[in-house]
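> Just one file: run-v1.txt, with compact mmCIF, C-alpha atoms and all ligand atoms.
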# COMPACT_ATOMS: atom_id res chain seq x y z
CA MET A 897 61.45 111.61 101.95
CA SER A 898 62.91 110.05 98.80
CA PHE A 899 65.66 111.60 96.66
CA PHE A 900 65.35 109.06 93.84
CA PRO A 901 61.56 108.55 93.77
CA GLU A 902 61.53 107.15 90.24
CA VAL A 903 63.97 104.32 91.10
CA LYS A 904 62.99 101.08 92.83
CA LYS A 905 65.55 98.66 94.25
CA ILE A 906 67.66 97.44 91.32
CA SER A 907 67.14 93.74 90.81
CA TYR A 908 68.70 90.95 88.78
CA GLU A 909 66.70 90.12 85.65
CA GLY A 910 69.20 87.94 83.75
CA PRO A 911 71.26 88.38 80.55
CA ASP A 912 68.23 88.80 78.28
CA SER A 913 66.70 91.71 80.18
CA ARG A 914 66.31 94.95 78.24
CA ASN A 915 65.54 96.97 81.37
CA PRO A 916 68.39 99.51 81.75
CA LEU A 917 67.68 99.74 85.48
CA ALA A 918 68.23 96.03 86.13
CA PHE A 919 71.27 93.80 86.50
CA ARG A 920 71.89 91.32 83.72
CA HIS A 921 74.88 89.59 85.35
CA TYR A 922 75.22 90.77 88.96
CA ASN A 923 73.09 88.37 90.93
CA GLU A 924 74.36 88.94 94.46
CA ASN A 925 73.45 85.53 95.85
CA GLU A 926 74.60 83.51 92.84
CA ILE A 927 77.39 81.15 93.83
CA VAL A 928 80.63 81.20 91.85
CA GLU A 929 83.44 78.90 92.98
CA GLY A 930 81.63 78.28 96.25
CA LYS A 931 81.14 81.94 97.19
CA SER A 932 78.38 84.46 96.47
CA MET A 933 78.97 87.16 93.87
CA LYS A 934 78.42 89.71 96.61
CA ASP A 935 81.31 88.26 98.63
CA HIS A 936 83.62 87.91 95.65
CA LEU A 937 83.13 91.42 94.33
CA ARG A 938 82.61 93.48 97.51
CA PHE A 939 81.47 96.55 95.54
CA ALA A 940 81.85 100.00 97.03
CA VAL A 941 80.57 103.44 96.02
CA SER A 942 83.00 106.39 96.19
CA TYR A 943 81.46 109.22 98.17
CA TRP A 944 83.63 111.88 96.51
CA HIS A 945 82.63 111.24 92.91
CA THR A 946 79.07 110.09 93.36
CA PHE A 947 77.87 112.52 96.00
CA ARG A 948 80.33 115.42 95.66
CA GLY A 949 81.07 115.37 91.95
CA THR A 950 79.64 118.36 90.10
CA GLY A 951 80.80 117.67 86.54
CA ASN A 952 83.22 120.59 86.57
CA ASP A 953 86.29 120.35 84.33
CA PRO A 954 89.15 122.74 83.47
CA PHE A 955 86.93 124.35 80.83
CA GLY A 956 83.74 124.90 82.74
CA PRO A 957 81.95 124.76 86.09
CA GLY A 958 79.78 121.99 87.44
CA CYS A 959 76.56 121.27 85.60
CA ALA A 960 75.26 118.20 87.44
CA VAL A 961 71.60 118.41 88.43
CA ARG A 962 71.36 117.40 92.09
CA PRO A 963 67.97 118.56 93.34
CA TRP A 964 68.76 117.80 96.99
CA GLU A 965 71.71 120.26 97.15
CA ASP A 966 70.91 123.63 98.75
CA GLY A 967 74.07 125.34 97.49
CA THR A 968 75.71 125.56 100.91
CA ASP A 969 78.72 123.71 102.28
CA SER A 970 77.11 123.45 105.71
CA VAL A 971 77.03 120.61 108.22
CA GLU A 972 73.22 120.50 107.77
CA MET A 973 73.65 119.93 104.03
CA ALA A 974 76.33 117.31 104.73
CA ILE A 975 73.94 115.40 107.00
CA LYS A 976 71.14 115.60 104.43
CA ARG A 977 73.58 114.27 101.83
CA VAL A 978 74.18 111.22 104.02
CA SER A 979 70.49 110.33 103.55
CA VAL A 980 70.86 110.80 99.78
CA ALA A 981 73.93 108.57 99.73
CA PHE A 982 72.39 105.73 101.70
CA GLU A 983 69.15 105.79 99.71
CA PHE A 984 71.23 105.54 96.53
CA MET A 985 73.42 102.73 97.84
CA GLU A 986 70.49 100.80 99.27
CA LYS A 987 68.60 100.94 95.98
CA LEU A 988 71.73 99.92 94.08
CA GLY A 989 72.42 97.06 96.49
CA VAL A 990 76.12 97.68 97.18
CA PRO A 991 77.55 96.35 100.44
CA PHE A 992 80.24 99.05 100.93
CA TYR A 993 81.23 102.68 100.49
CA CYS A 994 84.45 104.71 100.85
CA PHE A 995 85.12 108.34 101.74
CA HIS A 996 87.70 111.03 102.51
CA ASP A 997 87.17 113.18 105.63
CA ARG A 998 86.46 116.26 103.51
CA ASP A 999 83.94 114.48 101.25
CA VAL A 1000 81.48 113.99 104.05
CA ALA A 1001 81.93 117.11 106.20
CA PRO A 1002 82.99 120.71 105.51
CA GLU A 1003 86.44 121.80 106.62
CA GLY A 1004 86.30 124.34 109.44
CA LYS A 1005 88.46 127.39 110.07
CA THR A 1006 90.56 125.50 112.60
CA LEU A 1007 91.49 121.86 113.09
CA ALA A 1008 89.17 121.70 116.11
CA GLU A 1009 86.24 123.00 114.07
CA SER A 1010 86.96 120.50 111.28
CA HIS A 1011 87.01 117.64 113.80
CA LYS A 1012 83.69 118.86 115.24
CA ASN A 1013 82.06 119.03 111.79
CA LEU A 1014 83.32 115.57 110.98
CA ASP A 1015 82.04 114.10 114.25
CA ALA A 1016 78.55 115.46 113.54
CA VAL A 1017 78.39 113.83 110.11
CA VAL A 1018 80.02 110.60 111.29
CA ALA A 1019 77.17 110.20 113.78
CA ALA A 1020 74.74 110.35 110.85
CA LEU A 1021 76.85 107.89 108.83
CA ALA A 1022 76.91 105.45 111.76
CA LYS A 1023 73.12 105.61 112.04
CA GLU A 1024 72.61 104.95 108.34
CA GLN A 1025 75.16 102.10 108.36
CA GLN A 1026 73.20 100.58 111.22
CA ARG A 1027 69.87 101.01 109.43
CA THR A 1028 70.98 99.63 106.05
CA GLY A 1029 73.77 97.15 106.88
CA ILE A 1030 76.04 98.95 104.40
CA HIS A 1031 79.66 98.92 105.64
CA LEU A 1032 82.71 101.11 105.26
CA LEU A 1033 85.30 99.48 102.92
CA TRP A 1034 87.87 102.16 103.67
CA GLY A 1035 88.36 105.63 104.99
CA THR A 1036 91.05 108.10 103.99
CA ALA A 1037 92.11 111.70 104.54
CA ASN A 1038 92.06 114.36 101.84
CA LEU A 1039 95.63 115.68 101.99
CA PHE A 1040 95.56 117.44 98.63
CA SER A 1041 92.63 119.87 98.16
CA ASN A 1042 93.29 122.53 100.77
CA PRO A 1043 95.82 125.18 99.57
CA ARG A 1044 98.01 124.30 102.57
CA TYR A 1045 98.96 121.16 100.61
CA VAL A 1046 100.30 123.11 97.65
CA HIS A 1047 103.80 121.62 98.22
CA GLY A 1048 102.51 118.22 99.34
CA ALA A 1049 101.43 116.92 102.76
CA SER A 1050 103.98 114.65 104.46
CA THR A 1051 106.48 115.62 101.74
CA SER A 1052 105.90 119.36 102.09
CA CYS A 1053 108.90 121.63 102.63
CA ASN A 1054 106.84 123.13 105.49
CA ALA A 1055 107.00 121.02 108.69
CA ASP A 1056 103.75 122.52 109.99
CA VAL A 1057 101.97 121.08 106.97
CA PHE A 1058 103.31 117.60 107.84
CA ALA A 1059 101.95 118.11 111.36
CA TYR A 1060 98.52 119.19 110.10
CA ALA A 1061 98.31 116.22 107.70
CA ALA A 1062 99.27 113.88 110.54
CA CYS A 1063 96.35 115.24 112.58
CA GLN A 1064 93.94 114.52 109.72
CA VAL A 1065 95.20 110.95 109.43
CA LYS A 1066 94.99 110.46 113.20
CA LYS A 1067 91.39 111.62 113.19
CA MET A 1068 90.42 109.54 110.15
CA LEU A 1069 92.01 106.42 111.68
CA GLU A 1070 89.79 106.96 114.71
CA VAL A 1071 86.73 107.60 112.53
CA THR A 1072 87.40 104.59 110.30
CA LYS A 1073 87.73 102.40 113.39
CA GLN A 1074 84.57 103.89 114.90
CA LEU A 1075 82.59 103.12 111.72
CA GLY A 1076 83.94 99.57 111.51
CA GLY A 1077 85.99 100.28 108.35
CA VAL A 1078 87.92 97.23 107.16
CA ASN A 1079 90.78 99.04 105.40
CA TYR A 1080 92.46 102.46 105.38
CA VAL A 1081 93.87 103.99 102.19
CA PHE A 1082 96.88 106.24 101.64
CA TRP A 1083 96.90 107.88 98.24
CA GLY A 1084 99.79 110.29 97.99
CA GLY A 1085 97.76 113.23 96.68
CA ARG A 1086 100.47 115.79 96.13
CA GLU A 1087 103.33 113.66 97.50
CA GLY A 1088 105.70 114.19 94.61
CA TYR A 1089 107.42 117.05 92.86
CA MET A 1090 106.87 119.46 90.01
CA ASN A 1091 110.52 120.41 89.64
CA LEU A 1092 113.83 119.03 90.94
CA TYR A 1093 115.52 122.47 91.12
CA ASN A 1094 113.54 123.20 94.29
CA THR A 1095 113.22 119.68 95.73
CA ASN A 1096 115.22 117.67 98.25
CA LEU A 1097 114.00 114.32 96.96
CA ARG A 1098 115.69 112.13 99.58
CA ARG A 1099 114.48 114.29 102.46
CA GLU A 1100 110.89 114.22 101.16
CA LEU A 1101 110.92 110.43 100.77
CA ASP A 1102 112.32 110.07 104.31
CA HIS A 1103 109.43 112.21 105.54
CA LEU A 1104 106.87 110.09 103.68
CA GLY A 1105 108.38 106.99 105.32
CA ARG A 1106 108.26 108.68 108.75
CA PHE A 1107 104.62 109.70 108.19
CA LEU A 1108 103.51 106.17 107.36
CA HIS A 1109 105.38 104.80 110.38
CA LEU A 1110 103.54 107.26 112.62
CA ALA A 1111 100.27 105.96 111.16
CA VAL A 1112 101.29 102.31 111.70
CA ASP A 1113 102.24 103.09 115.32
CA TYR A 1114 98.92 104.85 115.97
CA LYS A 1115 96.94 102.08 114.30
CA LYS A 1116 98.49 99.60 116.75
CA LYS A 1117 97.97 101.94 119.68
CA ILE A 1118 94.22 102.32 119.12
CA GLY A 1119 93.73 98.69 118.07
CA PHE A 1120 92.49 99.43 114.56
CA THR A 1121 92.62 96.07 112.77
CA GLY A 1122 91.82 97.20 109.20
CA GLN A 1123 94.36 96.66 106.42
CA PHE A 1124 96.56 99.62 105.44
CA LEU A 1125 96.59 100.14 101.66
CA ILE A 1126 98.83 102.32 99.53
CA GLU A 1127 97.45 103.49 96.17
CA PRO A 1128 100.05 104.02 93.43
CA LYS A 1129 99.68 106.78 90.84
CA PRO A 1130 102.48 108.06 88.60
CA LYS A 1131 101.49 111.70 87.99
CA GLU A 1132 98.66 114.21 88.30
CA PRO A 1133 98.51 116.49 90.14
CA THR A 1134 102.32 116.45 90.40
CA THR A 1135 104.72 115.78 87.53
CA HIS A 1136 106.15 112.82 89.41
CA GLN A 1137 104.39 111.12 92.31
CA TYR A 1138 106.61 109.20 94.72
CA ASP A 1139 104.12 106.30 94.79
CA SER A 1140 104.33 106.01 91.00
CA ASP A 1141 103.53 102.33 90.42
CA THR A 1142 103.41 99.00 92.24
CA ALA A 1143 107.09 98.19 91.71
CA ALA A 1144 108.22 101.67 92.84
CA CYS A 1145 105.94 101.47 95.89
CA MET A 1146 107.33 98.06 96.80
CA ALA A 1147 110.86 99.42 96.66
CA PHE A 1148 109.74 102.35 98.82
CA LEU A 1149 107.92 100.17 101.37
CA ARG A 1150 110.92 97.85 101.66
CA THR A 1151 113.42 100.69 101.90
CA TYR A 1152 111.47 102.18 104.80
CA ASN A 1153 110.66 98.84 106.45
CA LEU A 1154 106.90 99.17 105.88
CA ALA A 1155 106.25 96.21 103.56
CA ASN A 1156 104.64 94.07 106.25
CA ASP A 1157 102.18 96.78 107.21
CA PHE A 1158 100.78 97.59 103.77
CA LYS A 1159 99.12 96.07 100.75
CA PHE A 1160 98.06 97.83 97.55
CA ASN A 1161 94.87 99.51 96.47
CA LEU A 1162 95.38 99.44 92.71
CA GLU A 1163 93.46 101.75 90.41
CA THR A 1164 93.03 100.94 86.73
CA ASN A 1165 93.45 104.46 85.40
CA HIS A 1166 96.56 104.95 87.54
CA ALA A 1167 98.04 101.78 86.04
CA THR A 1168 97.45 103.03 82.50
CA LEU A 1169 98.88 106.47 83.32
CA ALA A 1170 102.00 104.63 84.54
CA GLY A 1171 102.31 102.99 81.14
CA HIS A 1172 101.15 99.60 82.41
CA THR A 1173 98.01 97.58 82.00
CA MET A 1174 95.91 96.96 85.09
CA PHE A 1175 96.51 93.26 84.38
CA HIS A 1176 100.23 93.88 84.87
CA GLU A 1177 99.82 95.90 88.06
CA ALA A 1178 97.40 93.39 89.58
CA MET A 1179 99.62 90.46 88.62
CA TYR A 1180 102.73 92.16 90.03
CA ALA A 1181 101.11 92.96 93.38
CA SER A 1182 99.45 89.56 93.59
CA ALA A 1183 102.68 87.72 92.85
CA TYR A 1184 104.09 89.13 96.10
CA GLY A 1185 100.90 88.69 98.14
CA MET A 1186 100.32 92.45 98.12
CA LEU A 1187 97.08 92.89 96.13
CA GLY A 1188 94.68 94.16 98.77
CA SER A 1189 91.93 96.11 97.03
CA ILE A 1190 91.00 97.73 93.73
CA ASP A 1191 89.79 101.14 92.61
CA ALA A 1192 87.74 99.89 89.69
CA ASN A 1193 87.59 102.42 86.89
CA ARG A 1194 89.22 102.98 83.51
CA GLY A 1195 90.89 105.76 81.56
CA ASP A 1196 90.42 106.94 78.03
CA LEU A 1197 93.44 105.63 76.15
CA LEU A 1198 93.42 108.70 73.90
CA LEU A 1199 93.53 111.16 76.79
CA GLY A 1200 96.56 111.53 79.03
CA TRP A 1201 94.85 112.26 82.32
CA ASP A 1202 92.87 110.51 85.03
CA THR A 1203 89.39 110.46 83.50
CA ASP A 1204 88.04 108.08 86.18
CA GLN A 1205 85.46 106.48 83.89
CA PHE A 1206 83.24 103.63 84.93
CA PRO A 1207 84.61 100.21 83.90
CA SER A 1208 82.86 98.53 80.96
CA ASP A 1209 85.62 96.58 79.21
CA LEU A 1210 85.16 92.83 79.65
CA TYR A 1211 88.80 92.04 78.86
CA LEU A 1212 89.78 94.25 81.76
CA THR A 1213 87.24 92.89 84.25
CA ALA A 1214 87.90 89.25 83.31
CA GLN A 1215 91.68 89.68 83.57
CA VAL A 1216 91.42 91.41 86.92
CA MET A 1217 89.00 88.83 88.31
CA TRP A 1218 91.24 86.05 87.02
CA VAL A 1219 94.10 87.44 89.12
CA VAL A 1220 91.77 87.94 92.09
CA LEU A 1221 90.38 84.38 91.92
CA ASN A 1222 93.87 82.95 91.47
CA GLN A 1223 94.97 84.55 94.73
CA GLY A 1224 91.87 83.34 96.58
CA GLY A 1225 90.01 86.67 96.73
CA LEU A 1226 90.66 90.18 97.97
CA GLY A 1227 90.41 89.43 101.70
CA SER A 1228 89.17 92.58 103.41
CA GLY A 1229 89.48 94.54 100.15
CA GLY A 1230 86.87 95.11 97.48
CA LEU A 1231 86.06 96.79 94.20
CA ASN A 1232 85.58 100.49 94.81
CA PHE A 1233 84.18 102.50 91.91
CA ASP A 1234 86.58 105.42 92.00
CA ALA A 1235 84.74 106.66 88.93
CA LYS A 1236 82.62 109.60 87.91
CA VAL A 1237 79.81 110.02 85.43
CA ARG A 1238 80.75 112.11 82.38
CA ARG A 1239 79.93 115.81 82.45
CA GLU A 1240 77.30 115.18 79.79
CA SER A 1241 75.57 112.63 82.06
CA PHE A 1242 74.26 115.25 84.44
CA GLU A 1243 70.99 113.74 85.72
CA PRO A 1244 70.75 111.77 89.00
CA ILE A 1245 69.56 108.67 87.13
CA ASP A 1246 72.93 108.56 85.31
CA LEU A 1247 74.52 107.65 88.65
CA PHE A 1248 72.45 104.46 88.60
CA HIS A 1249 73.20 103.63 84.96
CA ALA A 1250 76.93 104.08 85.59
CA HIS A 1251 77.08 101.82 88.64
CA ILE A 1252 74.76 99.17 87.21
CA GLY A 1253 76.93 98.85 84.11
CA ALA A 1254 80.12 98.70 86.12
CA MET A 1255 78.76 96.08 88.52
CA ASP A 1256 77.49 93.99 85.62
CA SER A 1257 80.85 94.26 83.83
CA PHE A 1258 82.67 92.92 86.88
CA ALA A 1259 80.06 90.21 87.51
CA GLN A 1260 80.48 89.08 83.91
CA GLY A 1261 84.27 89.28 84.29
CA LEU A 1262 84.00 87.11 87.40
CA LYS A 1263 81.97 84.47 85.56
CA ILE A 1264 84.40 84.48 82.61
CA ALA A 1265 87.41 84.16 84.92
CA ALA A 1266 85.79 81.29 86.82
CA GLU A 1267 85.09 79.43 83.55
CA ILE A 1268 88.69 79.87 82.44
CA ARG A 1269 89.88 78.56 85.79
CA LYS A 1270 87.48 75.61 85.67
CA ASP A 1271 89.01 74.46 82.40
CA GLY A 1272 92.51 75.13 83.71
CA VAL A 1273 93.76 76.11 80.26
CA PHE A 1274 96.22 78.82 81.22
CA LYS A 1275 97.27 77.16 84.45
CA ASP A 1276 98.13 73.90 82.67
CA PHE A 1277 99.94 75.74 79.89
CA ILE A 1278 102.03 77.77 82.31
CA GLN A 1279 102.86 74.73 84.42
CA GLN A 1280 104.02 72.84 81.35
CA ARG A 1281 105.98 75.84 80.09
CA TYR A 1282 108.16 75.88 83.21
CA ALA A 1283 108.51 72.09 83.55
CA SER A 1284 112.30 72.25 83.07
CA TRP A 1285 112.50 73.89 86.52
CA ASP A 1286 110.68 71.07 88.32
CA SER A 1287 113.58 68.61 88.36
CA GLY A 1288 117.18 68.20 87.24
CA ILE A 1289 119.24 71.32 86.63
CA GLY A 1290 116.24 73.68 86.99
CA ALA A 1291 115.47 72.39 90.50
CA GLU A 1292 119.16 72.67 91.43
CA ILE A 1293 119.20 76.35 90.39
CA GLU A 1294 115.94 77.17 92.17
CA SER A 1295 117.01 75.48 95.39
CA GLY A 1296 120.30 77.39 95.41
CA LYS A 1297 122.44 74.25 95.00
CA ALA A 1298 123.88 75.22 91.62
CA THR A 1299 126.99 77.38 91.22
CA LEU A 1300 128.52 78.92 88.12
CA GLU A 1301 131.10 76.09 88.17
CA SER A 1302 128.47 73.32 88.46
CA LEU A 1303 126.45 74.89 85.63
CA GLU A 1304 129.57 74.94 83.46
CA THR A 1305 130.31 71.27 84.23
CA TYR A 1306 126.66 70.45 83.35
CA MET A 1307 126.64 72.32 80.05
CA LEU A 1308 130.15 71.20 78.96
CA ALA A 1309 128.98 67.61 79.33
CA LYS A 1310 125.69 68.29 77.57
CA GLY A 1311 127.15 70.40 74.77
CA ASN A 1312 124.11 72.62 74.14
CA SER A 1313 120.80 73.60 75.68
CA ASN A 1314 117.51 71.80 74.98
CA ALA A 1315 115.40 73.22 72.14
CA ASN A 1316 112.84 75.91 73.07
CA THR A 1317 109.11 75.46 72.57
CA SER A 1318 106.65 78.07 71.24
CA GLY A 1319 105.04 80.57 73.61
CA ARG A 1320 101.75 80.15 71.66
CA GLN A 1321 100.63 83.71 72.40
CA GLU A 1322 98.06 83.90 69.61
CA MET A 1323 96.58 80.52 70.49
CA LEU A 1324 96.17 81.61 74.12
CA GLU A 1325 94.56 84.91 73.08
CA ASN A 1326 92.13 82.93 70.94
CA ILE A 1327 91.33 80.70 73.91
CA PHE A 1328 90.64 83.75 76.10
CA ASN A 1329 88.19 85.06 73.49
CA ARG A 1330 86.35 81.74 73.54
CA TYR A 1331 85.15 82.59 77.07
CA LEU A 1332 83.98 86.14 76.28
CA ARG A 1333 80.33 85.54 75.76
C1 LIG B 1 92.95 110.07 92.93
C2 LIG B 1 92.41 108.88 93.61
C3 LIG B 1 91.89 109.10 94.98
C4 LIG B 1 92.16 107.97 95.91
C5 LIG B 1 91.78 108.24 97.33
O1 LIG B 1 93.37 109.84 91.64
O2 LIG B 1 92.35 107.81 93.05
O3 LIG B 1 90.54 109.36 94.91
O4 LIG B 1 91.49 106.81 95.51
O5 LIG B 1 92.37 109.38 97.84
CO CO B 2 91.57 105.96 93.62
What does this structure look like when you write it as structure tokens?

Amino acid sequence: MSFFPEVKKISYEGPDSRNPLAFRHYNENEIVEGKSMKDHLRFAVSYWHTFRGTGNDPFGPGCAVRPWEDGTDSVEMAIKRVSVAFEFMEKLGVPFYCFHDRDVAPEGKTLAESHKNLDAVVAALAKEQQRTGIHLLWGTANLFSNPRYVHGASTSCNADVFAYAACQVKKMLEVTKQLGGVNYVFWGGREGYMNLYNTNLRRELDHLGRFLHLAVDYKKKIGFTGQFLIEPKPKEPTTHQYDSDTAACMAFLRTYNLANDFKFNLETNHATLAGHTMFHEAMYASAYGMLGSIDANRGDLLLGWDTDQFPSDLYLTAQVMWVVLNQGGLGSGGLNFDAKVRRESFEPIDLFHAHIGAMDSFAQGLKIAAEIRKDGVFKDFIQQRYASWDSGIGAEIESGKATLESLETYMLAKGNSNANTSGRQEMLENIFNRYLR
């Protein structure tokens, strides 16, 4: 039985194609810098948006047309949905997917019942992974939807809630390992506060640190070798999330002695909500060897919330891929489309249009970034810009040899500093535009 009978496997037709159900840039076997596009980009579909999204918003209920849904939240429906998901992903040609425990299976009345429901659906996921060769990029636990998480999960004022959340993570670590997942994501759902009058901030952060340590310990115990990823987000649903941006998360991870066990899963719309560009967040994480994976989406710059739109901006994709190529790839990470079709795009075929466009945007961004790297324009400029640090006084400062006294002796003898040179920002922006074609 087919759920998308009108769609054949999406193929690459080249930049001149006018077929909206074809790739114009994503050619999975095309080699860029010695590696296939498929291996560079490691695209993943998000189960929650693509197979559980209904198009509901604060002003109205869901309106998405999904003919396969029977209106129940049963295990049978969940298993049928697995077939829908894998047919979609196979036709799209993505190598990976990602899910939360509660995306794939209904929550039961007790923890035991929830585990049982999940096991039943995981068996179906394993079978489909086997059949299609599609892999799990990462698993995660939904520690934010159930009303028990109203005050947070590991940062809840209620210790029982911490315990329940820990059980969900334990189970999802086992499931992710069982399905061969190559990463595990922690997004701090409601780990933050709405109001400081009722919040013991230090105690909550200590609990978050404790929670992540328990996960690291269990990961080692069961021999799960996937990479742990933390996903920063500054606000929404809480006023202030503890994992607000890359720099704040790094301070947190270092404070709680977790920096060696985590990398980042950076999401574009979270970066913009934090008042940064994704370019900044990616560069910051990469500079410290911490850029592990990406939730590839975008926000609407005129709206102040997490709109989770599909990426289509070539500046964004080229900048991100430039950072990724410069660090030698994403390792076990990938580009997960944590993105949802607009409420107005309610037909199943819109799911294809959205993913095709996003994959093409990143494939084009990859090609642009590779061209820029081939010519070495920015690299050479930056190297030249910092040349004063390569020898003489600059090298003495960097190596730790210089003291305030030695710097004074140096400058008293010299009299004044060397003249500065221009940063050439506009010229460099013009050069970047040269590659956008
Ligand atoms: C929420 C968000 C999550 C995480 C996984 O804004 O991005 O979907 O990616 O929990
Ligand atoms: Co995300």
> Within 7 Å of ligand CO 2 (chain B), counting only C-alpha atoms and all ligand atoms, which protein or nucleic acid residues do you find, written as a list in words?
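Sorted by chain and then by number, the residues are Glu1127, Glu1163, Asp1191 and Asp1234 of chain A.
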> Hey, which of A:Tyr1211, A:Tyr1080, A:Tyr1282, A:Phe995 ends up closest to Asn1038 of chain A? Count all atoms listed in the file.
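Selected residue with least distance to Asn1038 of chain A: A:Phe995.
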> Around ligand LIG 1 (chain B), out to 10 Å and counting only C-alpha atoms and all ligand atoms, which residues are there? I want them as an mmCIF file with C-alpha atoms, in the coordinates of the input.

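What follows is the written file pocket06.cif:
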data_model
loop_
_atom_site.group_PDB
_atom_site.id
_atom_site.type_symbol
_atom_site.label_atom_id
_atom_site.label_comp_id
_atom_site.auth_asym_id
_atom_site.auth_seq_id
_atom_site.Cartn_x
_atom_site.Cartn_y
_atom_site.Cartn_z
ATOM 1 C CA SER A 942 83.000 106.390 96.190
ATOM 2 C CA TYR A 943 81.460 109.220 98.170
ATOM 3 C CA TRP A 944 83.630 111.880 96.510
ATOM 4 C CA HIS A 945 82.630 111.240 92.910
ATOM 5 C CA CYS A 994 84.450 104.710 100.850
ATOM 6 C CA PHE A 995 85.120 108.340 101.740
ATOM 7 C CA HIS A 996 87.700 111.030 102.510
ATOM 8 C CA TRP A 1034 87.870 102.160 103.670
ATOM 9 C CA GLY A 1035 88.360 105.630 104.990
ATOM 10 C CA THR A 1036 91.050 108.100 103.990
ATOM 11 C CA ALA A 1037 92.110 111.700 104.540
ATOM 12 C CA ASN A 1038 92.060 114.360 101.840
ATOM 13 C CA LEU A 1039 95.630 115.680 101.990
ATOM 14 C CA PHE A 1040 95.560 117.440 98.630
ATOM 15 C CA TYR A 1080 92.460 102.460 105.380
ATOM 16 C CA VAL A 1081 93.870 103.990 102.190
ATOM 17 C CA PHE A 1082 96.880 106.240 101.640
ATOM 18 C CA TRP A 1083 96.900 107.880 98.240
ATOM 19 C CA GLY A 1084 99.790 110.290 97.990
ATOM 20 C CA GLY A 1085 97.760 113.230 96.680
ATOM 21 C CA ARG A 1086 100.470 115.790 96.130
ATOM 22 C CA ILE A 1126 98.830 102.320 99.530
ATOM 23 C CA GLU A 1127 97.450 103.490 96.170
ATOM 24 C CA PRO A 1128 100.050 104.020 93.430
ATOM 25 C CA LYS A 1129 99.680 106.780 90.840
ATOM 26 C CA PRO A 1130 102.480 108.060 88.600
ATOM 27 C CA LYS A 1131 101.490 111.700 87.990
ATOM 28 C CA GLU A 1132 98.660 114.210 88.300
ATOM 29 C CA PRO A 1133 98.510 116.490 90.140
ATOM 30 C CA ASN A 1161 94.870 99.510 96.470
ATOM 31 C CA LEU A 1162 95.380 99.440 92.710
ATOM 32 C CA GLU A 1163 93.460 101.750 90.410
ATOM 33 C CA THR A 1164 93.030 100.940 86.730
ATOM 34 C CA ASN A 1165 93.450 104.460 85.400
ATOM 35 C CA HIS A 1166 96.560 104.950 87.540
ATOM 36 C CA ILE A 1190 91.000 97.730 93.730
ATOM 37 C CA ASP A 1191 89.790 101.140 92.610
ATOM 38 C CA ALA A 1192 87.740 99.890 89.690
ATOM 39 C CA ASN A 1193 87.590 102.420 86.890
ATOM 40 C CA TRP A 1201 94.850 112.260 82.320
ATOM 41 C CA ASP A 1202 92.870 110.510 85.030
ATOM 42 C CA THR A 1203 89.390 110.460 83.500
ATOM 43 C CA ASP A 1204 88.040 108.080 86.180
ATOM 44 C CA ASN A 1232 85.580 100.490 94.810
ATOM 45 C CA PHE A 1233 84.180 102.500 91.910
ATOM 46 C CA ASP A 1234 86.580 105.420 92.000
ATOM 47 C CA ALA A 1235 84.740 106.660 88.930
#
> Kindly assemble as a Markdown table a list of the segment 997-1084 of chain A residues that lie within 7 Å of segment 973-976 of chain A, each paired with its nearest atom pair and their distance in Å to one decimal, using all atoms listed in the file, sorted first by chain and then by ascending residue number.

| residue | atom | partner | partner_atom | distance |
| --- | --- | --- | --- | --- |
| A:Val1000 | CA | A:Ala974 | CA | 6.2 |
| A:Ala1001 | CA | A:Ala974 | CA | 5.8 |
| A:Val1017 | CA | A:Ile975 | CA | 5.7 |
| A:Ala1020 | CA | A:Ile975 | CA | 6.4 |
> Would you mind exporting the chosen residues as an mmCIF file, in the coordinates of the input, restricted to C-alpha atoms?

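Result file out36.cif:
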data_model
loop_
_atom_site.group_PDB
_atom_site.id
_atom_site.type_symbol
_atom_site.label_atom_id
_atom_site.label_comp_id
_atom_site.auth_asym_id
_atom_site.auth_seq_id
_atom_site.Cartn_x
_atom_site.Cartn_y
_atom_site.Cartn_z
ATOM 1 C CA VAL A 1000 81.480 113.990 104.050
ATOM 2 C CA ALA A 1001 81.930 117.110 106.200
ATOM 3 C CA VAL A 1017 78.390 113.830 110.110
ATOM 4 C CA ALA A 1020 74.740 110.350 110.850
#
> Can you pull out the residues contacting segment 1059-1065 of chain A? Cut-off 10 Å, using all atoms listed in the file, and skip same-chain residues under 5 positions away; I want them as a compact mmCIF listing (two decimals) with C-alpha atoms, in the coordinates of the input.

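Listed below is the output, out.txt:
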# COMPACT_ATOMS: atom_id res chain seq x y z
CA ASP A 997 87.17 113.18 105.63
CA ARG A 998 86.46 116.26 103.51
CA LEU A 1007 91.49 121.86 113.09
CA SER A 1010 86.96 120.50 111.28
CA HIS A 1011 87.01 117.64 113.80
CA GLY A 1035 88.36 105.63 104.99
CA THR A 1036 91.05 108.10 103.99
CA ALA A 1037 92.11 111.70 104.54
CA ASN A 1038 92.06 114.36 101.84
CA LEU A 1039 95.63 115.68 101.99
CA PHE A 1040 95.56 117.44 98.63
CA ARG A 1044 98.01 124.30 102.57
CA TYR A 1045 98.96 121.16 100.61
CA GLY A 1048 102.51 118.22 99.34
CA ALA A 1049 101.43 116.92 102.76
CA SER A 1050 103.98 114.65 104.46
CA SER A 1052 105.90 119.36 102.09
CA ASN A 1054 106.84 123.13 105.49
CA GLU A 1070 89.79 106.96 114.71
CA VAL A 1071 86.73 107.60 112.53
CA TYR A 1080 92.46 102.46 105.38
CA PHE A 1082 96.88 106.24 101.64
CA PHE A 1107 104.62 109.70 108.19
CA LEU A 1108 103.51 106.17 107.36
CA LEU A 1110 103.54 107.26 112.62
CA ALA A 1111 100.27 105.96 111.16
CA TYR A 1114 98.92 104.85 115.97
